[in-house]
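Undergrad: There's a structure below that I have some questions on.
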Amino acid sequence: MASRGSPRSRSVPSSASDEELIRAVGESLDDNTVPQWLHNNRQLHELERDRVFGRAWIFVGHESEIPEPGDYARRHVAGDPYIFTRGEDGEVNVLFNSCRHKGTEVCRADQGNSHHFRCPYHGWTYNNKGDLVGLPFQHLGYQGLDKSEWGLIPAARTSSVDGFYFASLAEDGPSLADWIGDFRWYWDVHMKPFDGGWEVVGDPHRWRLDVDWKTGAENFGGDPYHTQFVHGSVFDIGLMGAADQPKIDDRYRFLRLAITKNGQSFMFIGPPDASPYLGHGPELADTENLDDEQAEIFRRSITHTLTVFPDFSLIHFAARSDTTSEPIGGMSARRWRPLGPGRIELVSWILVPANAPDDHKERSYQAVMSAFAPAGNFEQDDVSVWPTIAEAADTVTARKRNAQLNYTAGSYLDEEEPIPDDLDHEAWPGEVTGQTVSDLAMKNIYDRWYELMLEGERDDG
Amino acid sequence: MTAETLSDEALWNEVRDFLYREADLLDEKRLREWLELVTEDVDYRIPIRSTRERNSSTSEFSDASYHMKETYDTLEARIERLSHQDAHSENPPSRNRRIVGNIRITERDGDRVREENNLLLCFGTRDEPQPLLISARRRDDLRWDDGQFKLAGRLVWLDSTVLGDRLSVVL
């Protein structure tokens, strides 16, 4: 039996090679643990930038943020500055925000509308497809220049699902559809019932926190265990959609966690005795496009969370901002955008159903904002406990003792007890559990991380 | 007595005293007492700020997205939650110091006053020797009610587009 503080064999030397570090993570994952130092490690963070973020599909923005030709937003893809913009032809472009002349940023505002981006340094001008359309005094020094070779560098690949635009910095690899794969079945459960789709309200919230991106990604991948503890203050005063306590040995035990290939993770909570339709009600939502299992999930759901690996998550839930209003459905999508090891900028967007009446949209916005945002009643507490994880990770203790964090929940039984509801989750895509105390979704983030780090090692070596 | 009968100087003193008293209550985490200084029809907003071109037709301050967009009931819910033992964002409590300055009364009409002021909130947590500084300009609508001013409206114009931490306090 492992003694406290020394659960694994050897310490990880401070001079460990990249390969040794990655192998050590793999060994831990075999035991359903994660090395503590992984949550704040500069060496691996540098590798992640290429092997994970340089290959993955990264969320850039939603089509509703740039509805008109010329609309643009200044965003980041894997830490790199990009412009998210709609061209004159109506197509969405994701363009490296750096002048081809001397590298200056050409789009300097967070959002706006412009048919051209003019570099402030020497006046080189690009349209919003990224074509170089003009440079001052070309006839005096650039007589032979072929402008078509000097446009803004587009993201290697851009693609979208239901108006959510993702970009990849890698020219090859799985398409976005393949990256999402059969996770689409879970994504559709709460996206498809809304004719007209979703729209972002206003500008995203942006804030910086001393926490690693993997902490946020794993939590939203599915962590039902934390809700009544970290968020106990919200439930105790009756502020949650369902006014009773989220006891996971009681009503809230009717949940599922699902993981599919490529690191995608999903959680839904839905006691079968009510029909909240995620707070939207049956009038606004149309489940005709869903299959029977999907429709049943959606009918009873009060909360969905998901993570599309690596750093995109969303929560779709029935929320309210005071203790007397009716709960209302809404969505917070976010990126745990890495700034460095153990540090992120959390960018979050609030979305409402595009076809809802205006006052419904406003109430939905306010309810989500009150819960998930820098001042959110739920989110405040999540981010107050997370930074100490990053602190304890970048320590001599974590490395010398090769301290392991526990991801064993749900792994002790050979067979699960059946859940007394009518869902047939054995037939769902991927791997699904009904165990309420389970690290199935949280550990999935690391399993996928490990896969990509090895793939990258093969490709680099 | 109504606010109308106050001389300019007396009015100014009342406004200043209100702002100082309110800041002290918030600094001392006496949130329920602060709520007693707020009217039941209060409109309290902190819009999201983003970087825009100088000649942009859209304001830097969003008219659709907010950090807080509060009524009396939602403020009460926030305060009740923050007062709970398990409100981890404020347990251990943050250390606050609000410096209020550049107070100017812009409108005066019967029992109503509109004023603007600058706020510098020093927000200290854990072992950080330097608190996070949050600065903003605030536009307040005050209403005289039973011998004192109360806050009927507040619009907070933040000086940052990206926040440095959670917002577990009222500005």
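Residue numbering restarts at 1 for every chain of the structure tokens, chains are lettered A, B, ... in their displayed order, and ligands are numbered from 1 as they appear.
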With a cut-off of 7 Å and counting only C-alpha atoms, select all residues of chain A in contact with chain B and give the selection as an MDAnalysis selection string.

TA: chainID A and resid 109:112 201:203 205:209 232:234 237 321:323 366 369 373:375 377 380:381 384

Undergrad: Would you save the residues from that selection as an mmCIF file, in the first residue's frame, using N, CA, C and O atoms?

TA:
data_model
loop_
_atom_site.group_PDB
_atom_site.id
_atom_site.type_symbol
_atom_site.label_atom_id
_atom_site.label_comp_id
_atom_site.auth_asym_id
_atom_site.auth_seq_id
_atom_site.Cartn_x
_atom_site.Cartn_y
_atom_site.Cartn_z
ATOM 1 N N ALA A 109 -8.633 47.307 -32.392
ATOM 2 C CA ALA A 109 -9.797 47.406 -31.501
ATOM 3 C C ALA A 109 -10.377 46.015 -31.276
ATOM 4 O O ALA A 109 -10.202 45.113 -32.094
ATOM 5 N N ASP A 110 -11.068 45.837 -30.163
ATOM 6 C CA ASP A 110 -11.630 44.530 -29.823
ATOM 7 C C ASP A 110 -12.744 44.133 -30.779
ATOM 8 O O ASP A 110 -12.914 42.965 -31.098
ATOM 9 N N GLN A 111 -13.543 45.104 -31.180
ATOM 10 C CA GLN A 111 -14.644 44.814 -32.113
ATOM 11 C C GLN A 111 -14.947 46.066 -32.899
ATOM 12 O O GLN A 111 -14.647 47.184 -32.474
ATOM 13 N N GLY A 112 -15.538 45.861 -34.063
ATOM 14 C CA GLY A 112 -15.909 47.018 -34.862
ATOM 15 C C GLY A 112 -16.334 46.586 -36.239
ATOM 16 O O GLY A 112 -16.629 45.404 -36.483
ATOM 17 N N VAL A 201 -24.829 37.582 -26.844
ATOM 18 C CA VAL A 201 -25.311 38.894 -26.424
ATOM 19 C C VAL A 201 -24.116 39.758 -26.061
ATOM 20 O O VAL A 201 -23.328 39.415 -25.182
ATOM 21 N N GLY A 202 -23.964 40.868 -26.758
ATOM 22 C CA GLY A 202 -22.944 41.848 -26.381
ATOM 23 C C GLY A 202 -21.528 41.333 -26.523
ATOM 24 O O GLY A 202 -21.208 40.531 -27.406
ATOM 25 N N ASP A 203 -20.677 41.824 -25.648
ATOM 26 C CA ASP A 203 -19.253 41.495 -25.682
ATOM 27 C C ASP A 203 -18.938 40.384 -24.690
ATOM 28 O O ASP A 203 -19.631 40.221 -23.698
ATOM 29 N N HIS A 205 -17.017 38.467 -21.593
ATOM 30 C CA HIS A 205 -16.297 38.805 -20.364
ATOM 31 C C HIS A 205 -14.859 38.320 -20.521
ATOM 32 O O HIS A 205 -14.619 37.235 -21.063
ATOM 33 N N ARG A 206 -13.917 39.095 -20.026
ATOM 34 C CA ARG A 206 -12.512 38.667 -20.076
ATOM 35 C C ARG A 206 -11.872 38.929 -18.725
ATOM 36 O O ARG A 206 -11.992 40.029 -18.175
ATOM 37 N N TRP A 207 -11.210 37.899 -18.181
ATOM 38 C CA TRP A 207 -10.506 38.096 -16.921
ATOM 39 C C TRP A 207 -9.362 37.111 -16.809
ATOM 40 O O TRP A 207 -9.378 36.050 -17.420
ATOM 41 N N ARG A 208 -8.358 37.473 -16.063
ATOM 42 C CA ARG A 208 -7.135 36.691 -15.971
ATOM 43 C C ARG A 208 -7.000 36.084 -14.592
ATOM 44 O O ARG A 208 -7.241 36.744 -13.571
ATOM 45 N N LEU A 209 -6.603 34.816 -14.576
ATOM 46 C CA LEU A 209 -6.574 34.049 -13.336
ATOM 47 C C LEU A 209 -5.328 33.185 -13.279
ATOM 48 O O LEU A 209 -4.842 32.699 -14.314
ATOM 49 N N GLY A 232 -22.118 25.523 -2.460
ATOM 50 C CA GLY A 232 -23.102 25.354 -1.390
ATOM 51 C C GLY A 232 -23.823 26.635 -1.028
ATOM 52 O O GLY A 232 -25.018 26.643 -0.744
ATOM 53 N N SER A 233 -23.108 27.767 -1.092
ATOM 54 C CA SER A 233 -23.732 29.031 -0.700
ATOM 55 C C SER A 233 -24.859 29.414 -1.641
ATOM 56 O O SER A 233 -25.827 30.055 -1.245
ATOM 57 N N VAL A 234 -24.748 29.022 -2.918
ATOM 58 C CA VAL A 234 -25.784 29.363 -3.895
ATOM 59 C C VAL A 234 -27.045 28.556 -3.624
ATOM 60 O O VAL A 234 -28.157 29.079 -3.632
ATOM 61 N N ILE A 237 -29.269 29.280 -0.274
ATOM 62 C CA ILE A 237 -30.192 30.415 -0.222
ATOM 63 C C ILE A 237 -31.276 30.301 -1.288
ATOM 64 O O ILE A 237 -32.015 31.240 -1.528
ATOM 65 N N SER A 321 -31.344 34.852 -11.131
ATOM 66 C CA SER A 321 -30.476 35.816 -10.462
ATOM 67 C C SER A 321 -31.034 36.301 -9.136
ATOM 68 O O SER A 321 -30.369 37.036 -8.423
ATOM 69 N N ASP A 322 -32.248 35.896 -8.801
ATOM 70 C CA ASP A 322 -32.760 36.189 -7.470
ATOM 71 C C ASP A 322 -33.626 35.005 -7.051
ATOM 72 O O ASP A 322 -33.827 34.078 -7.824
ATOM 73 N N THR A 323 -34.105 35.036 -5.831
ATOM 74 C CA THR A 323 -34.744 33.832 -5.306
ATOM 75 C C THR A 323 -36.230 33.746 -5.611
ATOM 76 O O THR A 323 -36.892 32.804 -5.193
ATOM 77 N N GLN A 366 -29.357 38.003 -18.181
ATOM 78 C CA GLN A 366 -29.089 38.406 -16.808
ATOM 79 C C GLN A 366 -28.914 37.199 -15.886
ATOM 80 O O GLN A 366 -28.057 37.202 -15.001
ATOM 81 N N MET A 369 -25.466 35.694 -16.585
ATOM 82 C CA MET A 369 -24.458 36.646 -16.106
ATOM 83 C C MET A 369 -24.338 36.596 -14.585
ATOM 84 O O MET A 369 -23.242 36.693 -14.035
ATOM 85 N N ALA A 373 -19.637 34.426 -14.714
ATOM 86 C CA ALA A 373 -19.011 35.652 -15.190
ATOM 87 C C ALA A 373 -18.081 36.065 -14.038
ATOM 88 O O ALA A 373 -18.141 35.452 -12.982
ATOM 89 N N PRO A 374 -17.239 37.090 -14.209
ATOM 90 C CA PRO A 374 -16.364 37.460 -13.086
ATOM 91 C C PRO A 374 -17.109 37.729 -11.783
ATOM 92 O O PRO A 374 -16.588 37.441 -10.705
ATOM 93 N N ALA A 375 -18.312 38.252 -11.855
ATOM 94 C CA ALA A 375 -19.082 38.478 -10.633
ATOM 95 C C ALA A 375 -20.146 37.405 -10.432
ATOM 96 O O ALA A 375 -21.036 37.564 -9.609
ATOM 97 N N ASN A 377 -22.339 34.355 -9.306
ATOM 98 C CA ASN A 377 -22.511 33.739 -7.993
ATOM 99 C C ASN A 377 -21.921 32.339 -7.911
ATOM 100 O O ASN A 377 -21.500 31.900 -6.846
ATOM 101 N N GLN A 380 -17.555 32.847 -9.097
ATOM 102 C CA GLN A 380 -16.666 33.446 -8.094
ATOM 103 C C GLN A 380 -16.014 32.374 -7.230
ATOM 104 O O GLN A 380 -14.835 32.469 -6.888
ATOM 105 N N ASP A 381 -16.822 31.381 -6.838
ATOM 106 C CA ASP A 381 -16.284 30.392 -5.902
ATOM 107 C C ASP A 381 -15.377 29.378 -6.595
ATOM 108 O O ASP A 381 -14.374 28.952 -6.028
ATOM 109 N N SER A 384 -12.043 30.898 -6.911
ATOM 110 C CA SER A 384 -11.371 31.206 -5.653
ATOM 111 C C SER A 384 -10.632 29.994 -5.109
ATOM 112 O O SER A 384 -9.690 30.137 -4.338
#

Undergrad: Excluding B:Glu14 and residues on its chain fewer than 3 positions from it, collect all residues at most 8 Å away from it, counting only C-alpha atoms, and give them as a PDB file with C-alpha atoms, in the first residue's frame.

TA:
ATOM      1  CA  ALA B  10     -25.346  71.499   2.493  1.00  0.00           C
ATOM      2  CA  LEU B  11     -26.332  69.373  -0.475  1.00  0.00           C
ATOM      3  CA  ASP B  17     -21.064  62.038   3.304  1.00  0.00           C
ATOM      4  CA  PHE B  18     -23.329  59.529   1.592  1.00  0.00           C
ATOM      5  CA  GLN B 148     -30.933  60.831   3.917  1.00  0.00           C
ATOM      6  CA  PHE B 149     -29.801  60.048   0.432  1.00  0.00           C
TER       7      PHE B 149
END

Undergrad: Using only C-alpha atoms, which residues sit within 9 Å of stretch 159-161 of chain A once same-chain residues fewer than 6 positions away are excluded, as a PyMOL selection string?

TA: chain A and resi 57+62-63+167-168+175-177

Undergrad: Selected residues, N, CA and C atoms, written as a PDB file, in the first residue's frame, please.

TA:
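That gives us out-v2.pdb:
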ATOM      1  N   TRP A  57      -8.386  22.132 -32.681  1.00  0.00           N
ATOM      2  CA  TRP A  57      -9.354  23.127 -33.136  1.00  0.00           C
ATOM      3  C   TRP A  57      -9.653  24.040 -31.952  1.00  0.00           C
ATOM      4  N   HIS A  62     -18.389  33.315 -32.355  1.00  0.00           N
ATOM      5  CA  HIS A  62     -19.663  32.836 -32.898  1.00  0.00           C
ATOM      6  C   HIS A  62     -20.092  33.744 -34.039  1.00  0.00           C
ATOM      7  N   GLU A  63     -20.718  33.162 -35.035  1.00  0.00           N
ATOM      8  CA  GLU A  63     -21.100  33.927 -36.222  1.00  0.00           C
ATOM      9  C   GLU A  63     -21.978  35.138 -35.894  1.00  0.00           C
ATOM     10  N   ALA A 167     -10.746  27.460 -35.312  1.00  0.00           N
ATOM     11  CA  ALA A 167      -9.633  27.535 -36.248  1.00  0.00           C
ATOM     12  C   ALA A 167      -8.556  26.566 -35.804  1.00  0.00           C
ATOM     13  N   SER A 168      -7.820  26.051 -36.772  1.00  0.00           N
ATOM     14  CA  SER A 168      -6.669  25.213 -36.458  1.00  0.00           C
ATOM     15  C   SER A 168      -5.434  25.832 -37.079  1.00  0.00           C
ATOM     16  N   SER A 175     -10.563  16.948 -39.557  1.00  0.00           N
ATOM     17  CA  SER A 175     -11.441  18.099 -39.771  1.00  0.00           C
ATOM     18  C   SER A 175     -12.156  18.396 -38.460  1.00  0.00           C
ATOM     19  N   LEU A 176     -12.789  19.539 -38.368  1.00  0.00           N
ATOM     20  CA  LEU A 176     -13.542  19.866 -37.148  1.00  0.00           C
ATOM     21  C   LEU A 176     -14.624  18.825 -36.911  1.00  0.00           C
ATOM     22  N   ALA A 177     -15.288  18.410 -37.980  1.00  0.00           N
ATOM     23  CA  ALA A 177     -16.341  17.403 -37.838  1.00  0.00           C
ATOM     24  C   ALA A 177     -15.774  16.106 -37.258  1.00  0.00           C
TER      25      ALA A 177
END

Undergrad: Write out as a count of residues only all residues of stretch 55-186 of chain A that DSSP puts in alpha helix (DSSP H) for this structure's backbone.

TA: 12

Undergrad: With only C-alpha atoms as the counted atoms, please give the residues lying no more than 10 Å from A:Arg51, apart from itself and same-chain residues fewer than 3 positions off, as number ranges by chain.

TA: A: 44-48, 54-56, 449, 451-457, 459-460

Undergrad: Could you tell me how far atom CA of A:Glu105 sits from atom CA of A:Gln43, in Å to one decimal place?

TA: 28.3 Å

Undergrad: How far is it from atom CA of A:Asn93 to atom CA of A:Trp179, in Å with one decimal?

TA: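 Computing the Euclidean distance for atom CA of A:Asn93 and atom CA of A:Trp179 yields 20.2 Å.
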
Undergrad: With only C-alpha atoms as the counted atoms, please give the residues lying no more than 12 Å from A:Pro282, apart from itself and same-chain residues fewer than 5 positions off, as a list of chain:residue names.

TA: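 What passes the distance filter is A:Pro193, A:Phe194, A:Ser275, A:Pro276, A:Tyr277, A:Thr287, A:Glu288, A:Ala295, A:Phe298, A:Arg299, A:Arg300, A:Gly329.
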
Undergrad: For atom CA of B:Arg154 and atom CA of B:Leu19, quote the distance in Å rounded to one decimal.

TA: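 Straight-line distance from atom CA of B:Arg154 to atom CA of B:Leu19 works out to 12.0 Å.
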
Undergrad: Using only C-alpha atoms, determine which residues lie at most 6 Å from stretch 432-443 of chain A, disregarding the query and same-chain residues fewer than 4 positions distant; provide the list as a PyMOL selection string.

TA: chain A and resi 218+221-222+225+253+255-258+265+407+409-410

Undergrad: Let's have the selection written as a PDB file, in the first residue's frame, with C-alpha atoms.

TA:
ATOM      1  CA  GLU A 218     -11.702  19.172 -16.573  1.00  0.00           C
ATOM      2  CA  GLY A 221     -15.983  18.300 -18.784  1.00  0.00           C
ATOM      3  CA  GLY A 222     -18.078  17.003 -15.943  1.00  0.00           C
ATOM      4  CA  TYR A 225     -19.048  16.034  -7.223  1.00  0.00           C
ATOM      5  CA  ARG A 253     -28.111  11.134  -8.874  1.00  0.00           C
ATOM      6  CA  LEU A 255     -27.044  12.227 -14.223  1.00  0.00           C
ATOM      7  CA  ARG A 256     -24.694  10.886 -16.852  1.00  0.00           C
ATOM      8  CA  LEU A 257     -21.111  11.591 -17.743  1.00  0.00           C
ATOM      9  CA  ALA A 258     -20.041  10.774 -21.286  1.00  0.00           C
ATOM     10  CA  SER A 265     -16.621  15.317 -22.399  1.00  0.00           C
ATOM     11  CA  TYR A 407      -8.590  10.549 -10.307  1.00  0.00           C
ATOM     12  CA  ALA A 409     -13.451   8.003  -8.493  1.00  0.00           C
ATOM     13  CA  GLY A 410     -15.770   5.582 -10.219  1.00  0.00           C
TER      14      GLY A 410
END
